[in-house]
>>> print(open('query-v5.cif').read())   # mmCIF, C-alpha atoms
data_coords
#
loop_
_atom_site.label_atom_id
_atom_site.label_comp_id
_atom_site.auth_asym_id
_atom_site.auth_seq_id
_atom_site.Cartn_x
_atom_site.Cartn_y
_atom_site.Cartn_z
CA MET P 1 130.90 -72.77 9.72
CA ASN P 2 128.61 -75.55 10.95
CA THR P 3 126.62 -76.95 7.99
CA GLN P 4 123.56 -77.22 10.23
CA GLN P 5 123.66 -73.43 10.60
CA ASN P 6 124.44 -72.93 6.91
CA PRO P 7 122.81 -75.76 4.94
CA PHE P 8 122.87 -73.92 1.60
CA GLY P 9 126.57 -73.41 1.12
CA ILE P 10 126.48 -69.65 1.61
CA SER P 11 129.86 -67.95 1.69
CA GLU P 12 131.13 -67.58 5.25
CA LYS P 13 131.90 -63.90 4.68
CA LEU P 14 128.40 -63.34 3.30
CA MET P 15 126.95 -65.04 6.37
CA GLN P 16 128.96 -62.70 8.60
CA ILE P 17 127.64 -59.66 6.74
CA ALA P 18 124.14 -61.13 7.03
CA ALA P 19 124.50 -61.48 10.79
CA ASP P 20 125.44 -57.81 11.03
CA ALA P 21 122.51 -56.89 8.77
CA GLN P 22 120.05 -58.81 10.93
CA THR P 23 121.35 -57.07 14.05
CA SER P 24 120.99 -53.67 12.42
CA ALA P 25 117.35 -54.50 11.57
CA SER P 26 116.44 -55.56 15.13
CA ALA P 27 114.55 -52.36 16.00
CA GLU P 28 112.53 -52.63 12.80
CA PHE P 29 111.78 -56.28 13.58
CA ALA P 30 110.44 -55.32 17.01
CA ALA P 31 108.13 -52.69 15.52
CA ILE P 32 106.85 -55.18 12.91
CA GLU P 33 106.10 -57.78 15.57
CA GLU P 34 104.20 -55.25 17.69
CA ILE P 35 101.97 -54.37 14.73
CA ALA P 36 101.39 -58.06 14.02
CA GLU P 37 100.30 -58.66 17.61
CA TYR P 38 97.81 -55.79 17.43
CA ASN P 39 96.37 -56.89 14.10
CA GLY P 40 96.24 -60.53 15.15
CA ALA P 41 94.11 -59.57 18.15
CA LYS P 42 91.87 -57.45 15.89
CA VAL P 43 91.26 -60.40 13.57
CA LEU P 44 90.62 -62.80 16.46
CA ARG P 45 88.08 -60.42 17.97
CA ALA P 46 86.22 -60.14 14.66
CA PHE P 47 85.99 -63.94 14.37
CA GLN P 48 84.54 -64.10 17.86
CA GLU P 49 82.09 -61.20 17.56
CA GLN P 50 80.78 -62.38 14.18
CA ARG P 51 80.21 -65.86 15.65
CA VAL P 52 82.30 -67.86 13.21
CA SER P 53 81.40 -71.52 13.63
CA ALA P 54 82.59 -74.82 12.20
CA ALA P 55 79.59 -74.73 9.86
CA CYS P 56 80.97 -71.53 8.28
CA LEU P 57 84.04 -73.39 7.06
CA GLY P 58 82.07 -75.62 4.69
CA GLY P 59 81.03 -74.69 1.18
CA SER P 60 77.98 -74.48 -1.00
CA SER P 61 77.30 -75.46 -4.59
CA GLY P 62 75.05 -74.32 -7.40
CA TYR P 63 73.63 -70.83 -6.92
CA GLY P 64 75.03 -70.50 -3.42
CA TYR P 65 71.80 -69.28 -1.83
CA ASP P 66 71.98 -68.85 1.96
CA ASP P 67 75.70 -69.64 2.12
CA MET P 68 76.27 -68.80 5.78
CA GLY P 69 80.04 -69.15 5.60
CA ARG P 70 80.31 -66.81 2.63
CA ASP P 71 78.07 -64.16 4.16
CA ARG P 72 79.71 -64.31 7.58
CA LEU P 73 83.15 -64.03 6.02
CA ASP P 74 82.01 -60.75 4.46
CA ALA P 75 80.96 -59.55 7.91
CA VAL P 76 84.27 -60.59 9.50
CA TRP P 77 86.18 -58.87 6.72
CA ALA P 78 84.17 -55.68 7.10
CA GLN P 79 84.85 -55.56 10.84
CA VAL P 80 88.58 -56.22 10.47
CA PHE P 81 88.97 -53.53 7.83
CA GLY P 82 86.70 -50.95 9.47
CA ALA P 83 84.19 -51.06 6.62
CA GLU P 84 80.40 -51.13 6.38
CA ASP P 85 80.38 -54.19 4.12
CA ALA P 86 82.66 -56.43 2.11
CA LEU P 87 82.63 -58.71 -0.91
CA VAL P 88 85.15 -61.53 -0.44
CA ARG P 89 85.06 -64.11 -3.21
CA HIS P 90 87.20 -66.76 -4.79
CA HIS P 91 85.59 -65.70 -8.08
CA PHE P 92 88.05 -62.80 -8.37
CA VAL P 93 90.94 -64.11 -10.44
CA SER P 94 93.38 -61.39 -9.40
CA GLY P 95 93.67 -58.02 -7.72
CA THR P 96 93.34 -56.36 -11.12
CA HIS P 97 90.06 -58.24 -11.68
CA ALA P 98 88.71 -56.99 -8.35
CA LEU P 99 89.80 -53.44 -9.18
CA SER P 100 88.24 -53.66 -12.63
CA THR P 101 85.00 -54.96 -11.10
CA ALA P 102 84.91 -52.01 -8.71
CA LEU P 103 85.62 -49.45 -11.43
CA PHE P 104 82.99 -50.80 -13.80
CA GLY P 105 80.58 -51.19 -10.88
CA ILE P 106 80.83 -47.53 -9.84
CA LEU P 107 81.49 -45.58 -13.05
CA ARG P 108 78.93 -44.71 -15.73
CA THR P 109 79.02 -43.03 -19.13
CA GLY P 110 80.10 -39.41 -18.73
CA ASP P 111 81.85 -40.02 -15.41
CA LYS P 112 85.49 -39.24 -14.79
CA ILE P 113 88.18 -41.10 -12.87
CA VAL P 114 91.27 -39.27 -11.63
CA SER P 115 94.36 -41.11 -10.41
CA VAL P 116 96.07 -38.95 -7.79
CA THR P 117 99.13 -41.20 -7.49
CA GLY P 118 100.43 -40.75 -11.00
CA ALA P 119 100.16 -43.47 -13.61
CA PRO P 120 98.32 -46.59 -12.47
CA TYR P 121 99.83 -50.06 -12.33
CA ASP P 122 100.56 -51.52 -15.78
CA THR P 123 97.73 -54.07 -15.77
CA LEU P 124 95.10 -51.35 -15.25
CA GLU P 125 96.10 -49.26 -18.25
CA GLU P 126 94.03 -51.31 -20.70
CA VAL P 127 91.12 -51.49 -18.26
CA ILE P 128 90.99 -47.69 -18.16
CA GLY P 129 91.72 -47.32 -21.86
CA ILE P 130 94.96 -45.34 -21.75
CA ARG P 131 96.65 -48.23 -23.57
CA GLY P 132 95.32 -50.94 -25.87
CA GLU P 133 93.00 -51.06 -28.86
CA ALA P 134 89.75 -49.14 -29.09
CA GLY P 135 86.67 -51.31 -28.90
CA ASN P 136 88.07 -53.84 -26.45
CA GLY P 137 85.57 -52.90 -23.72
CA SER P 138 87.68 -50.51 -21.68
CA LEU P 139 86.20 -47.75 -19.51
CA LYS P 140 87.12 -45.32 -22.28
CA ASP P 141 84.95 -47.30 -24.72
CA TYR P 142 82.02 -46.76 -22.36
CA GLY P 143 82.50 -43.00 -22.26
CA VAL P 144 84.43 -42.75 -19.00
CA THR P 145 87.16 -40.10 -19.08
CA TYR P 146 90.48 -40.25 -17.27
CA GLY P 147 92.64 -37.67 -15.55
CA GLN P 148 95.89 -37.93 -13.67
CA CYS P 149 97.54 -35.91 -10.91
CA GLU P 150 101.29 -36.40 -11.10
CA LEU P 151 103.43 -37.10 -8.08
CA THR P 152 105.96 -34.59 -6.83
CA PRO P 153 109.61 -35.00 -7.94
CA ASP P 154 110.33 -37.00 -4.77
CA GLY P 155 107.54 -39.45 -5.62
CA LYS P 156 104.96 -38.28 -3.09
CA PRO P 157 101.34 -37.19 -3.63
CA ASP P 158 100.99 -33.57 -4.68
CA TYR P 159 98.60 -32.53 -1.91
CA ALA P 160 98.48 -28.94 -3.14
CA ALA P 161 97.44 -29.98 -6.66
CA ILE P 162 94.92 -32.66 -5.70
CA PRO P 163 91.97 -30.37 -4.80
CA ASN P 164 91.92 -28.86 -8.28
CA ALA P 165 92.73 -32.13 -10.08
CA VAL P 166 89.76 -34.00 -8.60
CA LYS P 167 87.09 -31.43 -9.41
CA GLY P 168 84.27 -33.16 -11.23
CA ALA P 169 85.66 -36.66 -10.67
CA LYS P 170 83.29 -39.50 -9.78
CA VAL P 171 86.17 -41.72 -8.62
CA VAL P 172 89.43 -40.57 -7.07
CA TYR P 173 91.84 -43.45 -7.45
CA ILE P 174 94.77 -44.15 -5.13
CA GLN P 175 97.40 -46.83 -5.65
CA ARG P 176 98.91 -47.59 -2.27
CA SER P 177 101.82 -49.73 -3.45
CA ARG P 178 104.72 -48.43 -5.52
CA GLY P 179 104.12 -50.80 -8.46
CA TYR P 180 107.13 -50.97 -10.78
CA SER P 181 108.39 -47.56 -9.72
CA LEU P 182 110.76 -46.17 -7.14
CA ARG P 183 108.25 -43.88 -5.45
CA PRO P 184 107.45 -44.71 -1.81
CA ALA P 185 104.40 -46.78 -0.99
CA LEU P 186 101.70 -44.76 0.73
CA THR P 187 101.14 -45.04 4.43
CA VAL P 188 97.65 -44.81 5.90
CA ALA P 189 98.53 -41.29 7.07
CA ASP P 190 99.37 -40.35 3.48
CA ILE P 191 96.02 -41.69 2.30
CA ALA P 192 94.20 -39.72 5.01
CA LYS P 193 95.82 -36.54 3.68
CA ILE P 194 94.69 -37.39 0.13
CA VAL P 195 91.14 -37.95 1.40
CA ASP P 196 91.16 -34.56 3.14
CA ALA P 197 92.54 -32.84 0.03
CA THR P 198 89.85 -34.48 -2.11
CA ARG P 199 86.99 -33.56 0.19
CA CYS P 200 87.98 -29.87 0.04
CA THR P 201 86.62 -29.51 -3.49
CA ASN P 202 84.78 -32.78 -4.18
CA PRO P 203 83.04 -34.09 -1.06
CA ASP P 204 80.94 -36.57 -3.05
CA ALA P 205 83.81 -38.30 -4.85
CA VAL P 206 84.28 -42.02 -4.31
CA VAL P 207 87.80 -42.45 -2.95
CA MET P 208 88.96 -45.87 -4.10
CA VAL P 209 92.22 -47.43 -2.89
CA ASP P 210 94.16 -50.24 -4.51
CA ASN P 211 95.20 -51.80 -1.21
CA CYS P 212 97.28 -54.62 -2.70
CA TYR P 213 100.45 -55.38 -0.69
CA GLY P 214 99.34 -52.99 2.08
CA GLU P 215 96.99 -55.02 4.29
CA PHE P 216 98.17 -55.40 7.90
CA VAL P 217 101.37 -53.44 7.31
CA GLU P 218 100.01 -50.88 9.76
CA LYS P 219 97.43 -50.94 12.55
CA GLN P 220 94.84 -49.10 10.45
CA GLU P 221 93.50 -49.58 6.94
CA PRO P 222 92.47 -46.84 4.46
CA THR P 223 88.75 -47.38 5.17
CA GLU P 224 89.42 -46.25 8.73
CA VAL P 225 90.63 -42.82 7.57
CA GLY P 226 87.93 -41.93 5.08
CA ALA P 227 88.48 -44.07 1.96
CA ASP P 228 85.17 -45.27 0.50
CA LEU P 229 86.44 -48.52 -1.02
CA ILE P 230 89.55 -50.66 -0.68
CA ILE P 231 90.33 -53.54 -3.01
CA GLY P 232 92.91 -56.31 -2.92
CA SER P 233 93.95 -59.84 -3.78
CA LEU P 234 93.83 -62.92 -1.57
CA ILE P 235 97.08 -64.32 -2.96
CA LYS P 236 98.83 -61.32 -1.48
CA ASN P 237 98.73 -60.16 2.16
CA ALA P 238 95.12 -60.76 3.09
CA GLY P 239 95.06 -64.44 2.12
CA GLY P 240 97.86 -65.29 4.53
CA GLY P 241 99.47 -67.75 2.13
CA ILE P 242 96.50 -70.09 2.60
CA ALA P 243 93.87 -68.83 0.15
CA ARG P 244 94.60 -70.24 -3.30
CA THR P 245 92.75 -67.56 -5.24
CA GLY P 246 90.31 -64.69 -4.80
CA GLY P 247 90.03 -61.04 -3.93
CA TYR P 248 88.00 -58.58 -1.91
CA ILE P 249 86.22 -55.25 -2.09
CA ALA P 250 85.37 -53.51 1.20
CA GLY P 251 83.90 -50.17 2.11
CA LYS P 252 80.60 -48.29 2.01
CA LYS P 253 77.64 -50.67 1.84
CA HIS P 254 75.91 -49.11 -1.18
CA LEU P 255 79.16 -49.08 -3.15
CA VAL P 256 79.93 -52.70 -2.32
CA ALA P 257 76.44 -53.56 -3.58
CA LEU P 258 77.14 -51.85 -6.92
CA CYS P 259 80.38 -53.80 -7.23
CA SER P 260 78.56 -57.06 -6.47
CA TYR P 261 76.13 -56.34 -9.32
CA ARG P 262 79.10 -56.16 -11.66
CA LEU P 263 80.62 -59.38 -10.33
CA THR P 264 77.37 -61.34 -10.68
CA CYS P 265 74.37 -59.47 -12.10
CA VAL P 266 72.02 -56.64 -11.21
CA GLY P 267 69.36 -57.72 -8.75
CA MET P 268 71.31 -60.71 -7.44
CA GLY P 269 74.63 -59.25 -6.31
CA LYS P 270 75.97 -60.82 -3.13
CA GLU P 271 73.08 -63.23 -2.74
CA VAL P 272 74.49 -65.69 -5.28
CA GLY P 273 77.84 -67.32 -5.92
CA CYS P 274 78.63 -70.67 -4.38
CA SER P 275 81.73 -70.92 -2.24
CA LEU P 276 82.49 -74.55 -3.19
CA GLU P 277 85.17 -75.63 -0.69
CA GLN P 278 86.99 -72.29 -0.47
CA ASN P 279 85.54 -70.87 2.76
CA ARG P 280 87.93 -72.61 5.13
CA GLU P 281 90.98 -71.40 3.21
CA MET P 282 89.76 -67.81 3.13
CA TYR P 283 88.92 -67.80 6.85
CA LEU P 284 92.20 -69.44 7.82
CA GLY P 285 94.16 -67.21 5.48
CA LEU P 286 92.70 -64.07 7.03
CA PHE P 287 93.41 -65.46 10.50
CA MET P 288 97.06 -66.12 9.60
CA ALA P 289 97.55 -62.92 7.61
CA PRO P 290 98.89 -60.57 10.32
CA GLU P 291 101.67 -62.98 11.27
CA VAL P 292 102.48 -63.90 7.66
CA VAL P 293 102.65 -60.23 6.70
CA ALA P 294 105.07 -59.73 9.60
CA SER P 295 107.29 -62.51 8.22
CA ALA P 296 107.19 -60.91 4.79
CA ARG P 297 108.10 -57.51 6.20
CA LYS P 298 110.96 -58.96 8.25
CA THR P 299 112.28 -60.73 5.15
CA GLY P 300 112.20 -57.43 3.29
CA ALA P 301 113.83 -55.54 6.13
CA PHE P 302 116.63 -58.10 6.26
CA ALA P 303 117.12 -57.94 2.48
CA SER P 304 117.30 -54.16 2.63
CA ALA P 305 119.82 -54.19 5.47
CA LEU P 306 121.96 -56.85 3.74
CA PHE P 307 122.04 -55.30 0.29
CA THR P 308 122.62 -51.84 1.72
CA LYS P 309 125.73 -53.22 3.39
CA LEU P 310 126.70 -54.76 0.04
CA GLY P 311 126.60 -51.31 -1.56
CA TYR P 312 123.20 -51.19 -3.24
CA ARG P 313 120.41 -48.67 -2.86
CA CYS P 314 117.32 -50.24 -1.27
CA LEU P 315 113.84 -48.88 -0.70
CA PRO P 316 112.32 -48.22 1.72
CA GLU P 317 115.47 -47.15 3.49
CA GLN P 318 116.03 -48.34 7.04
CA GLY P 319 114.09 -46.25 9.52
CA THR P 320 111.58 -45.12 6.89
CA ALA P 321 107.89 -45.91 7.36
CA ALA P 322 106.67 -48.74 5.14
CA GLY P 323 103.33 -48.67 3.32
CA ASP P 324 103.51 -52.15 1.83
CA ILE P 325 105.52 -55.39 1.92
CA ILE P 326 107.65 -54.63 -1.14
CA THR P 327 111.38 -54.03 -0.90
CA VAL P 328 113.15 -52.57 -3.93
CA LEU P 329 116.77 -53.45 -4.62
CA GLN P 330 118.42 -51.37 -7.34
CA LEU P 331 120.90 -53.85 -8.80
CA GLY P 332 122.30 -51.78 -11.64
CA SER P 333 122.30 -54.21 -14.57
CA ALA P 334 120.13 -56.76 -16.34
CA ASP P 335 122.65 -59.50 -15.49
CA ALA P 336 122.61 -58.72 -11.77
CA LEU P 337 118.82 -58.50 -11.81
CA THR P 338 118.51 -61.85 -13.57
CA ALA P 339 121.01 -63.53 -11.24
CA PHE P 340 119.18 -62.20 -8.19
CA CYS P 341 115.81 -63.51 -9.43
CA CYS P 342 117.38 -66.87 -10.29
CA GLY P 343 118.70 -66.99 -6.72
CA ILE P 344 115.29 -66.25 -5.22
CA GLN P 345 113.88 -69.10 -7.33
CA ALA P 346 116.71 -71.41 -6.21
CA GLY P 347 115.98 -70.49 -2.58
CA SER P 348 112.27 -71.32 -2.84
CA PRO P 349 110.48 -74.47 -1.61
CA VAL P 350 108.76 -75.22 -4.95
CA ASP P 351 110.44 -75.40 -8.39
CA ALA P 352 113.80 -74.48 -6.90
CA TYR P 353 115.54 -76.37 -9.72
CA VAL P 354 114.25 -74.14 -12.53
CA ALA P 355 115.64 -70.82 -13.74
CA PRO P 356 113.25 -67.96 -14.50
CA GLU P 357 113.56 -66.09 -17.79
CA ALA P 358 112.19 -62.73 -18.86
CA TRP P 359 109.12 -62.92 -21.12
CA ASP P 360 106.39 -60.84 -22.69
CA MET P 361 103.86 -60.98 -19.89
CA PRO P 362 100.21 -60.02 -20.64
CA GLY P 363 99.36 -56.53 -19.42
CA TYR P 364 102.95 -55.22 -19.32
CA ASP P 365 104.82 -53.10 -21.88
CA SER P 366 108.28 -54.49 -21.03
CA GLN P 367 109.59 -58.01 -20.65
CA VAL P 368 109.21 -59.15 -17.05
CA ILE P 369 111.20 -61.70 -15.08
CA MET P 370 109.39 -63.38 -12.21
CA ALA P 371 110.85 -65.66 -9.56
CA ALA P 372 108.13 -67.39 -7.57
CA GLY P 373 108.70 -70.91 -6.30
CA THR P 374 105.40 -70.80 -4.48
CA PHE P 375 102.74 -73.21 -3.25
CA THR P 376 100.13 -71.01 -4.96
CA GLY P 377 100.91 -69.83 -8.46
CA GLY P 378 101.96 -66.20 -8.48
CA ALA P 379 101.31 -65.69 -4.77
CA SER P 380 103.10 -62.47 -3.84
CA ILE P 381 102.81 -63.10 -0.11
CA GLU P 382 105.17 -66.03 -0.58
CA LEU P 383 108.82 -65.23 -1.26
CA SER P 384 109.04 -63.89 -4.79
CA ALA P 385 110.86 -61.29 -6.83
CA ASP P 386 109.93 -59.77 -10.14
CA ALA P 387 110.98 -56.89 -12.30
CA PRO P 388 110.63 -55.35 -15.72
CA ILE P 389 113.87 -55.64 -17.68
CA ARG P 390 114.49 -51.93 -17.94
CA ALA P 391 116.56 -49.31 -16.14
CA PRO P 392 117.19 -48.91 -13.23
CA TYR P 393 117.10 -52.75 -13.12
CA ALA P 394 115.38 -52.86 -9.76
CA ALA P 395 114.17 -56.11 -8.23
CA TYR P 396 110.84 -55.92 -6.44
CA LEU P 397 111.04 -58.40 -3.58
CA GLN P 398 107.96 -59.40 -1.64
CA GLY P 399 106.68 -62.10 0.62
CA GLY P 400 108.13 -64.79 2.83
CA LEU P 401 105.73 -67.13 4.60
CA THR P 402 108.25 -67.51 7.41
CA TYR P 403 111.19 -65.30 8.21
CA PRO P 404 113.84 -68.08 8.41
CA THR P 405 112.99 -69.39 4.93
CA GLY P 406 112.69 -65.88 3.54
CA LYS P 407 116.09 -65.01 4.95
CA PHE P 408 117.80 -67.98 3.33
CA GLY P 409 116.04 -67.25 0.06
CA VAL P 410 117.56 -63.76 0.08
CA LEU P 411 120.98 -65.19 0.97
CA THR P 412 120.73 -67.68 -1.89
CA ALA P 413 120.03 -64.77 -4.26
CA ALA P 414 123.09 -62.89 -3.00
CA GLN P 415 125.21 -66.05 -3.33
CA LYS P 416 124.00 -66.52 -6.92
CA MET P 417 125.21 -63.00 -7.74
CA LEU P 418 128.51 -63.73 -6.00
CA ASP P 419 129.02 -66.96 -7.95
CA ALA P 420 128.37 -65.12 -11.22
CA GLY P 421 131.02 -62.52 -10.41
CA LEU P 422 128.37 -59.80 -10.10
CA LEU P 423 128.92 -59.12 -6.41
CA SER P 424 132.11 -58.46 -4.49
CA LEU P 425 132.48 -58.76 -0.74
#
>>> encode(input="query-v5.cif", output="C-alpha cells")
Amino acid sequence: MNTQQNPFGISEKLMQIAADAQTSASAEFAAIEEIAEYNGAKVLRAFQEQRVSAACLGGSSGYGYDDMGRDRLDAVWAQVFGAEDALVRHHFVSGTHALSTALFGILRTGDKIVSVTGAPYDTLEEVIGIRGEAGNGSLKDYGVTYGQCELTPDGKPDYAAIPNAVKGAKVVYIQRSRGYSLRPALTVADIAKIVDATRCTNPDAVVMVDNCYGEFVEKQEPTEVGADLIIGSLIKNAGGGIARTGGYIAGKKHLVALCSYRLTCVGMGKEVGCSLEQNREMYLGLFMAPEVVASARKTGAFASALFTKLGYRCLPEQGTAAGDIITVLQLGSADALTAFCCGIQAGSPVDAYVAPEAWDMPGYDSQVIMAAGTFTGGASIELSADAPIRAPYAAYLQGGLTYPTGKFGVLTAAQKMLDAGLLSL
C-alpha cells in the first residue's frame, strides 16, 4: 500500500477492513453532514441578528462592567439554543462546575431534586451528597433531599414511573449523555417525553438538563422542547475545539439570573465578570461547533463500524439514533482497554509519545484511564478515549476535530491492539 495513503504503518488487512467500514457508514455520514449544515446556518443567523461586531471579540478587565462582547455572546447563545437567556463564561472550570452552580443557584433548604435518568455522573455524586463526607458543603448539607427514578432494564427512561417520582420535586434532573454506562444517550425526543411526563403531576418543576456531549448532535436542543435549563462545557461540543475553558447555562431568564447570583454574587449576577481575552475564542468556537461536532460524530460512526466488523459490541449501534458524540466500544478486558487507549494517545497530535496509565482520578470511585493528546487539556471534543477500569471494560470514545485525523487515531488504536496480540483479523 502507498505510504502516502497509509503514513502510520497500519496493517494492510486492517486498512481493507477500515475501507469497508467507512463505506458501510456512508448513509450515517450523510445524515450527520445534513444536520451540521442546518445547525451551521442557525449559528450564522444568530451572529447576524445579534449584530456581532469586531468590537465584541475584544475583552474587558477588572469588574467587567459594560462588556459588550460578553453580553452579546449571551444573546447569541440564547438564540442558538432556543432559550430566553444564557450565561456563557470562561469562569466555569468544567461542566460539573456549571451544573453545580445551577443546582446551588436554584435549590434551597427543604427542596428536593429527583434524577429521572438513574444515578448521576460520578463527579456530581459529592455535589449532591450521595457520596463523600458530611460537612463538605454538598446540597445534602444544606438540607436538599435527593430522589432517583431508575431506568428501565433496557436503559431507557421509565416514562410510566416518572410522574409519581417527581411529585414534590423542585428540580427534575436529566443527564442526556450515557456517562460511564451502557445505557443509550437521550435524544431530544426522549427529553420531550420526560418533560411531558413531569408536567403531568408537577407543572412547576424546574427541568434541568445536563447537555454535555449533546450540543448540535440534532437540529433541536432540549430548551426547544420544554426544558427550563440546559448546562454544558465549552471544552466539549459547544466550544468547537477553540474555547480553552468555560461553560454555559441557558434557559428561562429568571432561572439564569439565579444561577448568575451563585456564580458571582447576589445583586450583581451577570453584570460583572471580566472576559479578559476569551471572547474571541468563545465566539469562534461556537461558530465552528456544528462542523466540529459533525467530525466527532463521523469519527465515532467509523469507529463503531470498524470495531463491529472486528467482532466487538459498539454503542450506539449502526442505524440507531444518537443523542451525543460518545461511542462505546466493549473491549472485554483491561489489557485490551489499556491498549486501545494507548493507541488513541499515540494517534493524537499532542503528546503522542506518552502512554496513559490508569489512576485515582478526583470525583471517581474507580481508577480511570484517559487518553487525550489534545490542544486543550481534557477537551472531549478533541479525539480522546477514557474509561473506568472495571467490567465490562468499555472504552468511551469521543471527539475528533477533523474526520481524517480522527479516523487515523482510531486505526492507530486498533493497530496497537493488533501489535499486542489482543486483536485478530
>>> resolve_selection(input="query-v5.cif", expression="the PyMOL selection byres ((chain P and resi 304) around 9)", output="PyMOL selection string")
chain P and resi 21+25+299-303+305-309+312-318+327-329
>>> resolve_selection(input="query-v5.cif", expression="the PyMOL selection byres ((chain P and resi 396) around 10)", output="PyMOL selection string")
chain P and resi 178-182+300+315+325-330+337+341+370+384-388+393-395+397-398
>>> residues_around(input="query-v5.cif", residues="Gly409 (chain P)", least_positions_apart="6", cutoff="9 Å", atoms="only C-alpha atoms", output="list in words")
Gly343, Ile344, Gln345, Ala346, Gly347, Ser348, Leu383 and Gly400 of chain P
>>> resolve_selection(input="query-v5.cif", expression="the PyMOL selection byres ((chain P and resi 273) around 6)", output="number ranges by chain")
P: 63-64, 272, 274
>>> atom_distance(input="query-v5.cif", atom1="CA of Ala414 (chain P)", atom2="CA of Ala18 (chain P)")
10.2 Å
>>> atom_distance(input="query-v5.cif", atom1="CA of Trp359 (chain P)", atom2="CA of Ser380 (chain P)")
18.3 Å
>>> atom_distance(input="query-v5.cif", atom1="CA of Lys252 (chain P)", atom2="CA of Val166 (chain P)")
20.0 Å
>>> residues_around(input="query-v5.cif", residues="Asp365 (chain P)", least_positions_apart="4", cutoff="10 Å", atoms="all atoms listed in the file", output="short mmCIF file (atom, residue, chain, number, x, y, z; two decimals) with C-alpha atoms, in the frame of the given file")
data_model
loop_
_atom_site.label_atom_id
_atom_site.label_comp_id
_atom_site.auth_asym_id
_atom_site.auth_seq_id
_atom_site.Cartn_x
_atom_site.Cartn_y
_atom_site.Cartn_z
CA ASP P 122 100.56 -51.52 -15.78
CA THR P 123 97.73 -54.07 -15.77
CA ARG P 131 96.65 -48.23 -23.57
CA ASP P 360 106.39 -60.84 -22.69
CA MET P 361 103.86 -60.98 -19.89
CA PRO P 388 110.63 -55.35 -15.72
#
>>> residues_near_point(input="query-v5.cif", point="(96.6, -58.6, 6.4)", cutoff="7 Å", atoms="only C-alpha atoms", output="PyMOL selection string")
chain P and resi 215-216+237-238+286+289-290+293
>>> closest_residue(input="query-v5.cif", among="P:Lys140, P:Arg262, P:Arg280, P:Lys298", to="Lys112 (chain P)", atoms="all atoms listed in the file")
P:Lys140
>>> closest_residue(input="query-v5.cif", among="P:Ala250, P:Leu276, P:Val80, P:Val266", to="Ala102 (chain P)", atoms="all atoms listed in the file")
P:Ala250
>>> closest_residue(input="query-v5.cif", among="P:Ser100, P:Ser295, P:Gln22, P:Ser366", to="Ile231 (chain P)", atoms="only C-alpha atoms")
P:Ser100
>>> residues_near_point(input="query-v5.cif", point="(88.5, -36.9, -9.6)", cutoff="12 Å", atoms="only C-alpha atoms", output="PyMOL selection string")
chain P and resi 107+111-117+144-149+161-174+194-195+197-208
>>> axis_aligned_box(input="query-v5.cif", around="region 262-278 of chain P", padding_each_side="4 Å", output="JSON")
{"center_x": 78.2, "center_y": -65.9, "center_z": -6.3, "size_x": 25.6, "size_y": 27.5, "size_z": 19.6}
>>> decode(input="query-v5.cif", residues="region 258-284 of chain P", atoms="C-alpha atoms", output="mmCIF file, in the first residue's frame")
data_model
loop_
_atom_site.group_PDB
_atom_site.id
_atom_site.type_symbol
_atom_site.label_atom_id
_atom_site.label_comp_id
_atom_site.auth_asym_id
_atom_site.auth_seq_id
_atom_site.Cartn_x
_atom_site.Cartn_y
_atom_site.Cartn_z
ATOM 1 C CA LEU P 258 -30.468 32.883 39.934
ATOM 2 C CA CYS P 259 -27.566 30.859 38.558
ATOM 3 C CA SER P 260 -25.596 34.049 37.863
ATOM 4 C CA TYR P 261 -26.036 35.086 41.502
ATOM 5 C CA ARG P 262 -24.372 31.840 42.518
ATOM 6 C CA LEU P 263 -21.515 32.281 40.053
ATOM 7 C CA THR P 264 -20.777 35.850 41.176
ATOM 8 C CA CYS P 265 -22.916 37.252 43.996
ATOM 9 C CA VAL P 266 -26.492 38.264 44.700
ATOM 10 C CA GLY P 267 -27.304 41.672 43.265
ATOM 11 C CA MET P 268 -24.504 41.634 40.698
ATOM 12 C CA GLY P 269 -25.060 38.426 38.743
ATOM 13 C CA LYS P 270 -24.363 38.781 35.030
ATOM 14 C CA GLU P 271 -23.367 42.429 35.253
ATOM 15 C CA VAL P 272 -19.845 41.630 36.467
ATOM 16 C CA GLY P 273 -17.069 39.281 35.420
ATOM 17 C CA CYS P 274 -14.425 40.468 33.014
ATOM 18 C CA SER P 275 -13.916 38.454 29.853
ATOM 19 C CA LEU P 276 -10.157 39.146 29.627
ATOM 20 C CA GLU P 277 -9.190 37.949 26.129
ATOM 21 C CA GLN P 278 -11.579 34.986 25.959
ATOM 22 C CA ASN P 279 -14.444 36.448 23.919
ATOM 23 C CA ARG P 280 -12.956 35.760 20.502
ATOM 24 C CA GLU P 281 -12.314 32.107 21.328
ATOM 25 C CA MET P 282 -15.827 31.577 22.642
ATOM 26 C CA TYR P 283 -17.431 33.256 19.619
ATOM 27 C CA LEU P 284 -15.234 31.402 17.148
#
